[in-house]
4 protein chains.
Amino acid sequence: MSLAVGVIGTGVMGAEHARLLRCAISGAHLAAVCDADESRATAAAQGAAVFTDAHALIASDKVQAVVIASPDATHADYALSCLAAGKPVLCEKPIAATAAEGLAIVQAEVALGRQLVTVGFMRRFDPAYNDMRRARIAGSIGDAVLLHNVHRNVSAPDWFTGAMAVTNSLVHEIDISRWLLDAEMITAQVISAPGGDPMLVTMQTETGAIVSTEVYMNAAYGYHVHAQLVGRKGTVEMAAPTRMLTNLAAAQSFTFPANWVPRFTEAYCLQMQAWVDASKIGTTTGASAWDGFVTTSIAEQIVQGMASANPIPLSFPQRPALYA
Amino acid sequence: MSLAVGVIGTGVMGAEHARLLRCAISGAHLAAVCDADESRATAAAQGAAVFTDAHALIASDKVQAVVIASPDATHADYALSCLAAGKPVLCEKPIAATAAEGLAIVQAEVALGRQLVTVGFMRRFDPAYNDMRRARIAGSIGDAVLLHNVHRNVSAPDWFTGAMAVTNSLVHEIDISRWLLDAEMITAQVISAPGGDPMLVTMQTETGAIVSTEVYMNAAYGYHVHAQLVGRKGTVEMAAPTRMLTNLAAAQSFTFPANWVPRFTEAYCLQMQAWVDASKIGTTTGASAWDGFVTTSIAEQIVQGMASANPIPLSFPQRPALYA
Amino acid sequence: MSLAVGVIGTGVMGAEHARLLRCAISGAHLAAVCDADESRATAAAQGAAVFTDAHALIASDKVQAVVIASPDATHADYALSCLAAGKPVLCEKPIAATAAEGLAIVQAEVALGRQLVTVGFMRRFDPAYNDMRRARIAGSIGDAVLLHNVHRNVSAPDWFTGAMAVTNSLVHEIDISRWLLDAEMITAQVISAPGGDPMLVTMQTETGAIVSTEVYMNAAYGYHVHAQLVGRKGTVEMAAPTRMLTNLAAAQSFTFPANWVPRFTEAYCLQMQAWVDASKIGTTTGASAWDGFVTTSIAEQIVQGMASANPIPLSFPQRPALYA
Amino acid sequence: MSLAVGVIGTGVMGAEHARLLRCAISGAHLAAVCDADESRATAAAQGAAVFTDAHALIASDKVQAVVIASPDATHADYALSCLAAGKPVLCEKPIAATAAEGLAIVQAEVALGRQLVTVGFMRRFDPAYNDMRRARIAGSIGDAVLLHNVHRNVSAPDWFTGAMAVTNSLVHEIDISRWLLDAEMITAQVISAPGGDPMLVTMQTETGAIVSTEVYMNAAYGYHVHAQLVGRKGTVEMAAPTRMLTNLAAAQSFTFPANWVPRFTEAYCLQMQAWVDASKIGTTTGASAWDGFVTTSIAEQIVQGMASANPIPLSFPQRPALYA
C-alpha cells in the first residue's frame with residue numbers, strides 16, 4: 001500500500017528527497033538509502049536500510065521505486081539499471097552527463113515499451129509556473145510570442161565555467177520554456193558580459209516564439225528566478241517571491257532565498273508526491289526521459305556553438321512515438 | 001506506524017480534512033468517517049470505515065485520533081468523548097458553541113492531567129503569519145505596539161447577524177492576535193457601519209498593544225485577509241496573496257481567492273501534518289483547549305457589550321498550570 | 001499678468017513656498033518676503049523685496065497675494081489682515097492656533113461676502129488622494145463605508161505631547177478624510193499605546209462611514225502616509241510610495257521619504273499653481289477657511305475628550321451659506 | 001525676464017508643449033505658434049502670435065527660443081534655421097529623418113562653436129530613469145553589466161513596418177540606454193516573432209554591457225515601459241507605474257496609461273522647465289544634437305542589417321570636442 005522508495009546519493013538533494021519521503025509524503029516511505037559514504041547514508045536513512053552499492057539498492061526486494069541523486073556522471077548507469085529492473089525512477093537533473101547517454105536511456109525505454117523515468121525538473125511543479133502555463137492554455141493572454149527568463153545565483157565557485165552556466169543552470173530554463181510553451185527550440189544564440197557572466201541566451205521555437213534568458217551565476221544579491229510570458233493579448237509573470245514585507249530602517253523590503261532549495265521547497269514536495277502517486281498506478285509525471293535528453297542535447301549544442309554570437313541551429317533525432 | 005484517523009462530519013471542512021488524510025499527509029491515513037448522512041460519509045470515506053454515530057467512531061478500535069468537523073453545537077460533546085477515550089483530537093473552530101462548554105473541556109483536560117485537544121485555528125500554520133511572528137520574536141521590529149487586521153468575505157447569507165460576524169469571523173483574529181502578540185486581550189470596543197457591516201473592532205492587550213480589526217462580511221470583491229504588525233522600530237505585514245501577476249485589458253492584476261479554503265490550503269495541510277506528528281509522540285500543537293475557550297469567551301463578551309461603543313472590559317478565569 | 005506674491009515666514013515651509021514661486025510656478029513670481037530674521041528673509045528673497053513686518057508686506061502695493069508660513073500663533077492675525085486688504089491668501093495649516101480664532105476668520109469672510117482664504121492642506125492636491133477621491137465619486141467601489149489612514153513620522157521631539165499628535169499630525173487626516181468622503185465627522189474616540197504613541201483614532205461621519213487613523217509620531221523606520229478607502233463593492237488605496245525597486249544584499253527594497261516635504265513635493269507644487277491660477281481669476285481652491293476652522297475645532301474637541309476611551313461627540317456651528 | 005517661446009507644429013505633441021508653456025512653466029511664456037493649418041495654430045495659441053511659416057516664426061523678434069514639433073521630415077531644416085538665427089531649440093525626437101541630416105546639424109553646431117540644440121528624448125527627465133541612473137553612478141549596484149528594456153504600445157497602424165518599430169519606438173531605448181549606461185553601443189542584433197512584432201533587440205556597449213530591448217508595437221493590454229539595470233552587486237528597476245491600487249471584482253489591479261503622454265507627463269514638464277532654465281543662461285540640457293545624431297544613426301544601421309539575425313557592427317564618425 002505504501003510505496004517503498006530507495007534514495008541513491010545523500011548529498012544536499014538526496015538528503016532532502018529522503019527527508020520528504022520520511023516526513024512529508026502521503027502513501028510512500030523511505031525504504032533504503034545508498035551512499036558510498038556509509039555514515040552519511042546511515043544519517044539520512046533514519047532507520048531505513050543502508051546500501052553502499054547503488055545497483056544492490058536498485059535490485060533489492062525492499063525497494064519498489066528509486067530516486068537518483070548521486071553525481072551527474074552516474075545518472076545514466078543507474079537509470080538504465082532501474083529500467084532493467086522495471087522500477088520507476090525519479091532522476092535528478094540532468095538525465096545524464098551527455099546527450100548520447102541520455103539518448104541511450106530514451107532508447108532503452110522505447111525498447112521496454114513503456115516509460116519509467118521522471119527527470120527531476122522540479123520547476124514543472126512550482127505553483128507559479130503552473131499558474132502561468134494554465135493561463136496560456138486557457139487562452140486569456142492569446143498566443144505566446146515571447147518568454148523572458150531571469151535566473152540568478154548568488155555566486156559560483158571559481159572553477160565554474162561559462163559552459164557550466166549552460167549545462168548546470170540554463171538547463172532549467174530550457175526545460176521549463178519548452179514546457180511553458182509546449183514547443184521545441186530550433187535556434188539559440190549567446191551573448192556574454194565581460195568575464196562571461198552574466199550571459200543572455202536567446203532561443204526561438206518552431207512556432208516563432210522568442211525565449212530570452214539571463215543566466216547570472218554571480219548576481220551577488222540573492223537567488224532570484226523570474227519569468228514573464230508575453231502573449232498577443234497580455235502577459236503573465238511571477239509575483240514577488242515573498243509572503244512578508246518589512247518596513248525597517250528607512251526602507252520597505254523582502255528577503256530573497258539563498259538558493260533553490262528554499263525557493264522551490266513546495267515544488268520539490270509536490271514533485272515527489274506526484275511521482276509517488278503516479279508510480280503507484282504505473283504511470284509517470286513531470287519531465288520524461290525524452291525531455292531530459294532534449295534539454296541535455298540543447299545545452300550541449302549551445303556549448304559547442306557559443307563562441308560565436310551568431311544563431312546556433314538546433315537539431316534532434318525524431319521523437320519516438322512513446323513520448324507523443 | 002501510520003496513525004489511524006477518524007473524521008467526524010463530512011461537510012466542506014470535513015471532506016477537506018478527509019482528503020488531506022488520504023492524499024497529502026505523511027504517517028497517517030483516513031481510517032474512518034462519520035456523518036449522519038451515510039451516503040455523504042461513504043463518498044468521503046473512499047474505502048475507509050463509515051459511521052453514522054460519532055461516539056461509535058470515537059470509541060472504535062480502528063481509530064487512534066479524531067478530527068471533529070461537525071456542526072459547532074456538537075463540538076463540546078465529541079471533544080469530551082475523545083478526552084474520555086484518551087484520544088488526540090483536532091477540533092474545528094470554535095472549540096464549543098459557548099464559553100461555558102469550552103471551559104468544561106478545559107476542566108476535563110485539567111482533570112485528565114494532560115492535553116489532547118488541538119483547536120483548528122489553522123492560521124497559526126499559515127507561512128505568512130509565521131514569518132510575522134518569527135520577526136517579532138527575533139526583535140527586529142522592536143516591541144509590538146499595534147496590529148492591524150483586515151478580514152473580508154465576499155458575502156454572508158441574509159440571516160447572518162452582527163453577532164455572527166464576531167463569533168464566526170472575528171474569532172480568527174482574536175486567536176491569531178493573541179498568538180502573534182503572545183499577550184492577552186483586556187478590552188474591546190466595536191463600531192459599525194450602517195447595517196452593521198463592516199465593523200471595526202479595537203482591542204487592547206495587557207501590555208498595551210492595540211489590535212484593530214476590520215470584519216467585513218459582504219466585502220463583495222473577494223476573500224481577503226491581511227495583517228500588519230507595528231513595532232517600535234518597524235513593521236511586518238503580509239505580501240499580496242498571489243504568485244502570478246497578469247497584464248491584460250489595460251490593467252495589471254491578480255485574483256483573490258474565493259474563500260478561506262484556497263487562501264489557507266497550505267495552512268490546513270501543515271496543521272494536519274503537525275497534528276499527526278504531535279499525536280504520534282503524545283503531544284499537541286497549535287491552539288490549545290485553553291486558547292479555544294478564551295477566544296470563544298472574548299467573542300461572547302464582545303457580543304454582549306457591542307450595543308455600546310464604549311470599551312468592554314474582558315475577564316477570564318485563572319489560566320490552569322497545564323497551559324502555562 | 002504675472003501674480004506678485006509675498007511670502008510671510010521663511011522657515012522650512014516658507015522657504016519652500018518661496019522657491020516654488022521663483023522656479024516652478026507659471027503665471028506668478030516671488031515679489032516679497034517677510035521674516036523677523038532679516039538675513040534669513042534676504043536669503044529666501046533672491047532679489048525680491050524684503051520685509052520684517054508682516055502687516056507691511058500685506059499692505060504693500062508690490063504684493064497682490066500672500067502666503068502665510070509664519071508660526072501658527074500668528075496665522076489668524078495675518079489672515080485677517082489679508083482679508084482687510086482684500087488680498088487672496090494661502091495660509092499654511094492650521095488656519096489658526098485655536099478654533100475660536102479660526103471661527104473669527106470664517107466670520108470675517110462671511111462679512112466680506114466672499115472667500116479669499118485657502119488653507120494649505122496640500123494633500124488635497126496629492127495625485128494619489130485625488131485618484132482615490134475620483135474613484136469614489138465615479139461610483140466604482142460603491143458607497144464608501146470605511147477609511148483606513150496611517151500617518152507615521154520618523155520621530156518627534158521629546159517635548160511632543162499626545163495633544164500635539166492630534167493638533168499637528170492628525171489634522172491632516174481630519175481634513176483629508178472629510179474631503180475624501182465629502183462628509184462631516186460626528187464622533188471620535190482615541191486609544192493609545194503605552195507612552196501615548198502610537199494612537200488609534202476612530203471617527204464616524206454623519207453618513208455612518210468609519211474613519212480609522214493610526215498616528216505614530218516615532219515610527220522610526222520612515223515617513224509613511226497610507227490610506228485605503230473601502231466601499232460596498234471594492235476598495236482603493238495608495239500604491240507603494242516609490243518609483244524604483246532595488247535588489248541588493250539579499251533583499252528587494254525601496255526607500256521611504258524622510259519627511260513630508262519629499263513625500264508631498266508634487267502636492268505642494270500643484271497646490272501653489274492651483275492657488276495662483278484661482279487667485280488670478282478671483283476664486284479660491286483647496287481647503288476653505290470653513291474647512292480650516294472645522295478641522296481645528298475637531299482637533300480641539302478630541303484633545304479635550306481623549307482622556308477617556310469613550311466616543312467623543314463632535315459639534316460645530318451652522319455652516320455659513322458662503323461655503324455651501 | 002520671461003523667455004518668449006515659439007512652438008512649431010500643433011499636433012498632439014506641439015499642442016502639449018504649447019499648453020505647458022502657457023500653464024505650467026516658470027520663467028517662460030508661449031509667444032508664438034506656427035502651423036500650416038492656421039485654425040489649429042490659432043486654437044493652440046490662446047492669444048499668442050500665430051504663424052503659418054515656420055521660418056518666419058524662427059526669425060521673429062517676438063521669439064527668443066523655439067520648440068520644433070512638426071513632422072519628422074522638417075526637423076533638420078527648422079533646426080538649422082534656429083542655429084542660423086542663434087536661438088535655442090528644443091526639437092522633438094528624432095533630430096532628423098536621416099542620420100545624414102542629423103550629422104549636418106551636428107556640423108552646423110560645431111561650426112557655430114556652441115550648442116543650441118536639445119533633442120526631446122523626454123525619458124531623460126523621467127524621475128524613475130533618473131533614480132536608476134543616480135543609483136548606478138553612486139555605485140551601490142556595482143558596475144552595470146546588463147539592461148533589460150521593455151517598450152510596449154497598445155497597437156500600431158496597419159501600415160506600421162518593422163523598420164518603424166526601430167526608428168520610431170526603439171530610438172527611445174537607444175537613447176536612454178546610452179544615457180543610463182554612459183557608454184556607446186558597438187553591436188546590435190534583432191530577432192522577431194512571427195509577423196515581425198514583437199522584436200527583441202540585443203545591443204552591446206563598448207564596455208561589454210548587454211542591452212536587451214523588447215519592442216512590441218501591438219501589445220494590446222496597455223502602454224508599458226519598463227527597465228531593469230543589472231550590476232555586479234545588485235539591480236535597480238522601475239516600480240509599478242501607478243499611484244493607486246484597486247480591489248474590485250475578484251481582483252487587485254491598477255490601470256496602465258493609454259500611451260506615452262500620460263506616462264511621461266511629468267518628464268515632458270520637467271524637460272521643458274529644464275530647457276527654459278538652461279536657455280535663459282545660455283546652456284543646453286538633455287540630449288544634445290550629437291546624441292540625436294547617434295541614436296538616429298544606430299536606428300538606421302539596425303534597419304539596414306536586421307534581415308539577418310547575426311550581430312550588426314555599429315560605427316560612427318569621431319565625436320566632436322564640442323560634445324565631450
# chains A, B, ... in the order shown; residues from 1 in each chain; ligands from 1

call {"tool": "residues_around", "arguments": {"residues": "Ser39 of chain C", "least_positions_apart": "4", "cutoff": "10 Å", "atoms": "only C-alpha atoms", "output": "ChimeraX atom specification"}}
result
/C:35,43-45,50,52

call {"tool": "closest_atom_pairs", "arguments": {"of": "chain C", "to": "chain A", "cutoff": "9 Å", "atoms": "only C-alpha atoms", "output": "Markdown table"}}
result
| residue | atom | partner | partner_atom | distance |
| --- | --- | --- | --- | --- |
| C:Val154 | CA | A:Ala250 | CA | 8.8 |
| C:Ala220 | CA | A:Ala249 | CA | 7.4 |
| C:Tyr221 | CA | A:Ala249 | CA | 4.7 |
| C:Gly222 | CA | A:Ala250 | CA | 4.9 |
| C:Tyr223 | CA | A:Ala250 | CA | 8.2 |
| C:Asn247 | CA | A:Tyr221 | CA | 6.5 |
| C:Leu248 | CA | A:Tyr221 | CA | 4.8 |
| C:Ala249 | CA | A:Tyr221 | CA | 4.7 |
| C:Ala250 | CA | A:Tyr221 | CA | 4.8 |
| C:Ala251 | CA | A:Thr255 | CA | 4.3 |
| C:Gln252 | CA | A:Ser253 | CA | 5.3 |
| C:Ser253 | CA | A:Ser253 | CA | 4.1 |
| C:Phe254 | CA | A:Ala251 | CA | 5.4 |
| C:Thr255 | CA | A:Ala251 | CA | 4.3 |
| C:Phe256 | CA | A:Ala250 | CA | 5.4 |
| C:Pro257 | CA | A:Ala250 | CA | 7.7 |
| C:Ala258 | CA | A:Ala250 | CA | 7.7 |

call {"tool": "write_last_selection", "arguments": {"atoms": "N, CA and C atoms", "output": "PDB file, in the first residue's frame"}}
result
ATOM      1  N   VAL C 154       9.047  59.703  11.462  1.00  0.00           N
ATOM      2  CA  VAL C 154      10.243  59.020  11.956  1.00  0.00           C
ATOM      3  C   VAL C 154      10.384  59.213  13.461  1.00  0.00           C
ATOM      4  N   ALA C 220       9.932  55.476  13.590  1.00  0.00           N
ATOM      5  CA  ALA C 220      11.352  55.104  13.449  1.00  0.00           C
ATOM      6  C   ALA C 220      11.780  54.785  12.013  1.00  0.00           C
ATOM      7  N   TYR C 221      11.028  53.942  11.319  1.00  0.00           N
ATOM      8  CA  TYR C 221      11.559  53.447  10.042  1.00  0.00           C
ATOM      9  C   TYR C 221      11.451  54.425   8.887  1.00  0.00           C
ATOM     10  N   GLY C 222      10.556  55.414   8.977  1.00  0.00           N
ATOM     11  CA  GLY C 222      10.440  56.341   7.850  1.00  0.00           C
ATOM     12  C   GLY C 222       9.164  57.149   7.943  1.00  0.00           C
ATOM     13  N   TYR C 223       9.052  58.135   7.062  1.00  0.00           N
ATOM     14  CA  TYR C 223       7.813  58.896   6.951  1.00  0.00           C
ATOM     15  C   TYR C 223       6.890  58.117   6.028  1.00  0.00           C
ATOM     16  N   ASN C 247      17.272  45.578  -5.894  1.00  0.00           N
ATOM     17  CA  ASN C 247      17.649  44.248  -5.406  1.00  0.00           C
ATOM     18  C   ASN C 247      19.097  44.323  -4.957  1.00  0.00           C
ATOM     19  N   LEU C 248      19.347  44.151  -3.685  1.00  0.00           N
ATOM     20  CA  LEU C 248      20.705  44.326  -3.158  1.00  0.00           C
ATOM     21  C   LEU C 248      20.798  43.643  -1.810  1.00  0.00           C
ATOM     22  N   ALA C 249      21.948  43.021  -1.575  1.00  0.00           N
ATOM     23  CA  ALA C 249      22.232  42.497  -0.231  1.00  0.00           C
ATOM     24  C   ALA C 249      21.099  41.623   0.293  1.00  0.00           C
ATOM     25  N   ALA C 250      20.693  40.650  -0.514  1.00  0.00           N
ATOM     26  CA  ALA C 250      19.723  39.633  -0.107  1.00  0.00           C
ATOM     27  C   ALA C 250      18.284  40.112  -0.047  1.00  0.00           C
ATOM     28  N   ALA C 251      18.016  41.363  -0.468  1.00  0.00           N
ATOM     29  CA  ALA C 251      16.654  41.881  -0.341  1.00  0.00           C
ATOM     30  C   ALA C 251      16.237  42.715  -1.541  1.00  0.00           C
ATOM     31  N   GLN C 252      14.928  42.758  -1.776  1.00  0.00           N
ATOM     32  CA  GLN C 252      14.362  43.761  -2.663  1.00  0.00           C
ATOM     33  C   GLN C 252      13.802  44.863  -1.781  1.00  0.00           C
ATOM     34  N   SER C 253      14.046  46.102  -2.142  1.00  0.00           N
ATOM     35  CA  SER C 253      13.608  47.186  -1.267  1.00  0.00           C
ATOM     36  C   SER C 253      13.339  48.471  -2.029  1.00  0.00           C
ATOM     37  N   PHE C 254      12.636  49.363  -1.369  1.00  0.00           N
ATOM     38  CA  PHE C 254      12.594  50.756  -1.801  1.00  0.00           C
ATOM     39  C   PHE C 254      12.684  51.621  -0.549  1.00  0.00           C
ATOM     40  N   THR C 255      13.038  52.871  -0.743  1.00  0.00           N
ATOM     41  CA  THR C 255      13.332  53.766   0.373  1.00  0.00           C
ATOM     42  C   THR C 255      12.158  54.695   0.656  1.00  0.00           C
ATOM     43  N   PHE C 256      11.828  54.859   1.930  1.00  0.00           N
ATOM     44  CA  PHE C 256      10.788  55.818   2.313  1.00  0.00           C
ATOM     45  C   PHE C 256      11.363  57.229   2.321  1.00  0.00           C
ATOM     46  N   PRO C 257      10.506  58.220   2.075  1.00  0.00           N
ATOM     47  CA  PRO C 257      10.974  59.596   2.225  1.00  0.00           C
ATOM     48  C   PRO C 257      11.246  59.880   3.703  1.00  0.00           C
ATOM     49  N   ALA C 258      12.085  60.879   3.965  1.00  0.00           N
ATOM     50  CA  ALA C 258      12.459  61.202   5.340  1.00  0.00           C
ATOM     51  C   ALA C 258      11.353  61.972   6.047  1.00  0.00           C
TER      52      ALA C 258
END

call {"tool": "closest_residue", "arguments": {"among": "B:Glu266, B:Asp77, B:Glu173, B:Asp37", "to": "Ala104 of chain B", "atoms": "only C-alpha atoms"}}
result
B:Asp77

call {"tool": "residues_around", "arguments": {"residues": "Glu101 of chain C", "least_positions_apart": "3", "cutoff": "10 Å", "atoms": "only C-alpha atoms", "output": "MDAnalysis selection string"}}
result
chainID C and resid 73 75:77 80 95:98 104:107 293 296

call {"tool": "select_by_dssp", "arguments": {"residues": "segment 30-220 of chain B", "states": "strand (DSSP E or B)", "output": "ChimeraX atom specification"}}
result
/B:30-34,49-51,65-68,89-91,117-119,144-152,185-192,199-205,210-216

call {"tool": "residues_around", "arguments": {"residues": "Gln46 of chain B", "least_positions_apart": "4", "cutoff": "10 Å", "atoms": "only C-alpha atoms", "output": "list in words"}}
result
Ala18, Arg19, Arg22, Leu30, Ala31, Ala32, Val33, Ala41, Thr42 and Val50 of chain B

call {"tool": "residues_around", "arguments": {"residues": "segment 110-116 of chain B", "least_positions_apart": "5", "cutoff": "9 Å", "atoms": "only C-alpha atoms", "output": "number ranges by chain"}}
result
B: 82-84, 86-90, 105, 279, 282-284, 288-289, 320-323

call {"tool": "atom_distance", "arguments": {"atom1": "atom CA of Val145 of chain C", "atom2": "atom CA of Ile174 of chain C"}}
result
16.0 Å

call {"tool": "select_by_dssp", "arguments": {"residues": "segment 152-315 of chain B", "states": "alpha helix (DSSP H)", "output": "PyMOL selection string"}}
result
chain B and resi 162-164+171-181+260-263+265-280+289-305

call {"tool": "decode", "arguments": {"residues": "segment 44-150 of chain C", "atoms": "C-alpha atoms", "output": "compact mmCIF listing (two decimals), in the first residue's frame"}}
result
# COMPACT_ATOMS: atom_id res chain seq x y z
CA ALA C 44 14.96 83.46 0.64
CA ALA C 45 14.11 86.63 -1.33
CA GLN C 46 16.77 86.09 -4.01
CA GLY C 47 16.25 89.67 -5.13
CA ALA C 48 12.59 90.14 -4.17
CA ALA C 49 11.62 92.84 -1.69
CA VAL C 50 12.38 92.13 1.95
CA PHE C 51 10.12 92.98 4.89
CA THR C 52 10.44 92.35 8.61
CA ASP C 53 6.88 93.46 9.37
CA ALA C 54 4.22 91.10 8.03
CA HIS C 55 1.49 93.74 8.07
CA ALA C 56 3.69 96.00 5.94
CA LEU C 57 4.14 93.20 3.40
CA ILE C 58 0.41 92.56 3.31
CA ALA C 59 -0.28 96.27 2.78
CA SER C 60 2.43 96.75 0.15
CA ASP C 61 1.45 97.73 -3.39
CA LYS C 62 4.09 95.31 -4.61
CA VAL C 63 2.10 92.35 -3.27
CA GLN C 64 -1.10 91.08 -4.87
CA ALA C 65 -1.44 87.81 -2.94
CA VAL C 66 0.04 86.43 0.28
CA VAL C 67 1.39 83.11 1.53
CA ILE C 68 1.43 82.74 5.34
CA ALA C 69 4.10 80.34 6.60
CA SER C 70 4.94 82.00 9.91
CA PRO C 71 4.42 80.37 13.37
CA ASP C 72 0.90 79.01 13.99
CA ALA C 73 0.11 81.62 16.63
CA THR C 74 0.38 84.40 14.02
CA HIS C 75 -1.83 82.81 11.32
CA ALA C 76 -5.13 84.33 12.39
CA ASP C 77 -3.76 87.86 12.77
CA TYR C 78 -2.16 87.85 9.31
CA ALA C 79 -5.08 86.12 7.62
CA LEU C 80 -7.47 88.75 8.99
CA SER C 81 -5.10 91.43 7.78
CA CYS C 82 -5.16 89.93 4.26
CA LEU C 83 -8.96 89.87 4.34
CA ALA C 84 -8.96 93.53 5.38
CA ALA C 85 -6.66 94.28 2.44
CA GLY C 86 -8.85 92.22 0.08
CA LYS C 87 -5.89 90.02 -0.96
CA PRO C 88 -6.01 86.26 -1.63
CA VAL C 89 -4.12 84.29 0.98
CA LEU C 90 -2.68 80.78 1.12
CA CYS C 91 -2.31 80.04 4.83
CA GLU C 92 -0.22 77.08 6.00
CA LYS C 93 -2.20 74.71 8.18
CA PRO C 94 -3.59 75.22 10.78
CA ILE C 95 -5.72 78.19 9.88
CA ALA C 96 -5.29 79.39 13.47
CA ALA C 97 -3.96 78.26 16.82
CA THR C 98 -7.48 77.88 18.25
CA ALA C 99 -10.91 77.09 16.90
CA ALA C 100 -12.17 80.42 18.20
CA GLU C 101 -9.60 82.29 16.11
CA GLY C 102 -10.42 80.11 13.11
CA LEU C 103 -14.10 80.95 13.51
CA ALA C 104 -13.22 84.65 13.56
CA ILE C 105 -11.64 84.27 10.11
CA VAL C 106 -14.72 82.48 8.84
CA GLN C 107 -16.88 85.29 10.19
CA ALA C 108 -14.66 87.93 8.59
CA GLU C 109 -15.02 86.21 5.21
CA VAL C 110 -18.75 85.97 5.67
CA ALA C 111 -18.85 89.69 6.50
CA LEU C 112 -16.76 90.39 3.40
CA GLY C 113 -19.17 88.32 1.35
CA ARG C 114 -16.51 86.36 -0.49
CA GLN C 115 -13.77 83.79 0.08
CA LEU C 116 -10.13 84.86 -0.04
CA VAL C 117 -8.57 82.22 2.20
CA THR C 118 -7.08 78.88 1.17
CA VAL C 119 -5.70 76.67 3.94
CA GLY C 120 -2.59 74.75 2.90
CA PHE C 121 -3.84 71.21 3.39
CA MET C 122 -1.66 70.15 0.49
CA ARG C 123 -2.79 66.52 0.50
CA ARG C 124 -5.89 67.63 -1.39
CA PHE C 125 -3.52 68.13 -4.33
CA ASP C 126 -1.65 64.85 -3.98
CA PRO C 127 -2.27 62.76 -7.11
CA ALA C 128 -2.85 59.54 -5.15
CA TYR C 129 -5.52 61.06 -2.90
CA ASN C 130 -7.10 62.62 -5.98
CA ASP C 131 -7.20 59.29 -7.78
CA MET C 132 -8.91 57.77 -4.75
CA ARG C 133 -11.48 60.55 -4.46
CA ARG C 134 -12.24 60.40 -8.18
CA ALA C 135 -12.76 56.66 -7.91
CA ARG C 136 -15.22 57.14 -5.05
CA ILE C 137 -17.17 59.81 -6.89
CA ALA C 138 -17.22 57.71 -10.06
CA GLY C 139 -19.00 55.07 -8.01
CA SER C 140 -16.91 52.07 -8.98
CA ILE C 141 -16.25 50.98 -5.38
CA GLY C 142 -19.83 51.66 -4.25
CA ASP C 143 -20.70 53.77 -1.22
CA ALA C 144 -17.69 54.43 0.97
CA VAL C 145 -18.10 52.84 4.40
CA LEU C 146 -14.63 52.78 5.90
CA LEU C 147 -11.37 54.67 5.54
CA HIS C 148 -8.10 53.36 6.98
CA ASN C 149 -5.45 56.04 7.44
CA VAL C 150 -1.86 55.53 8.57
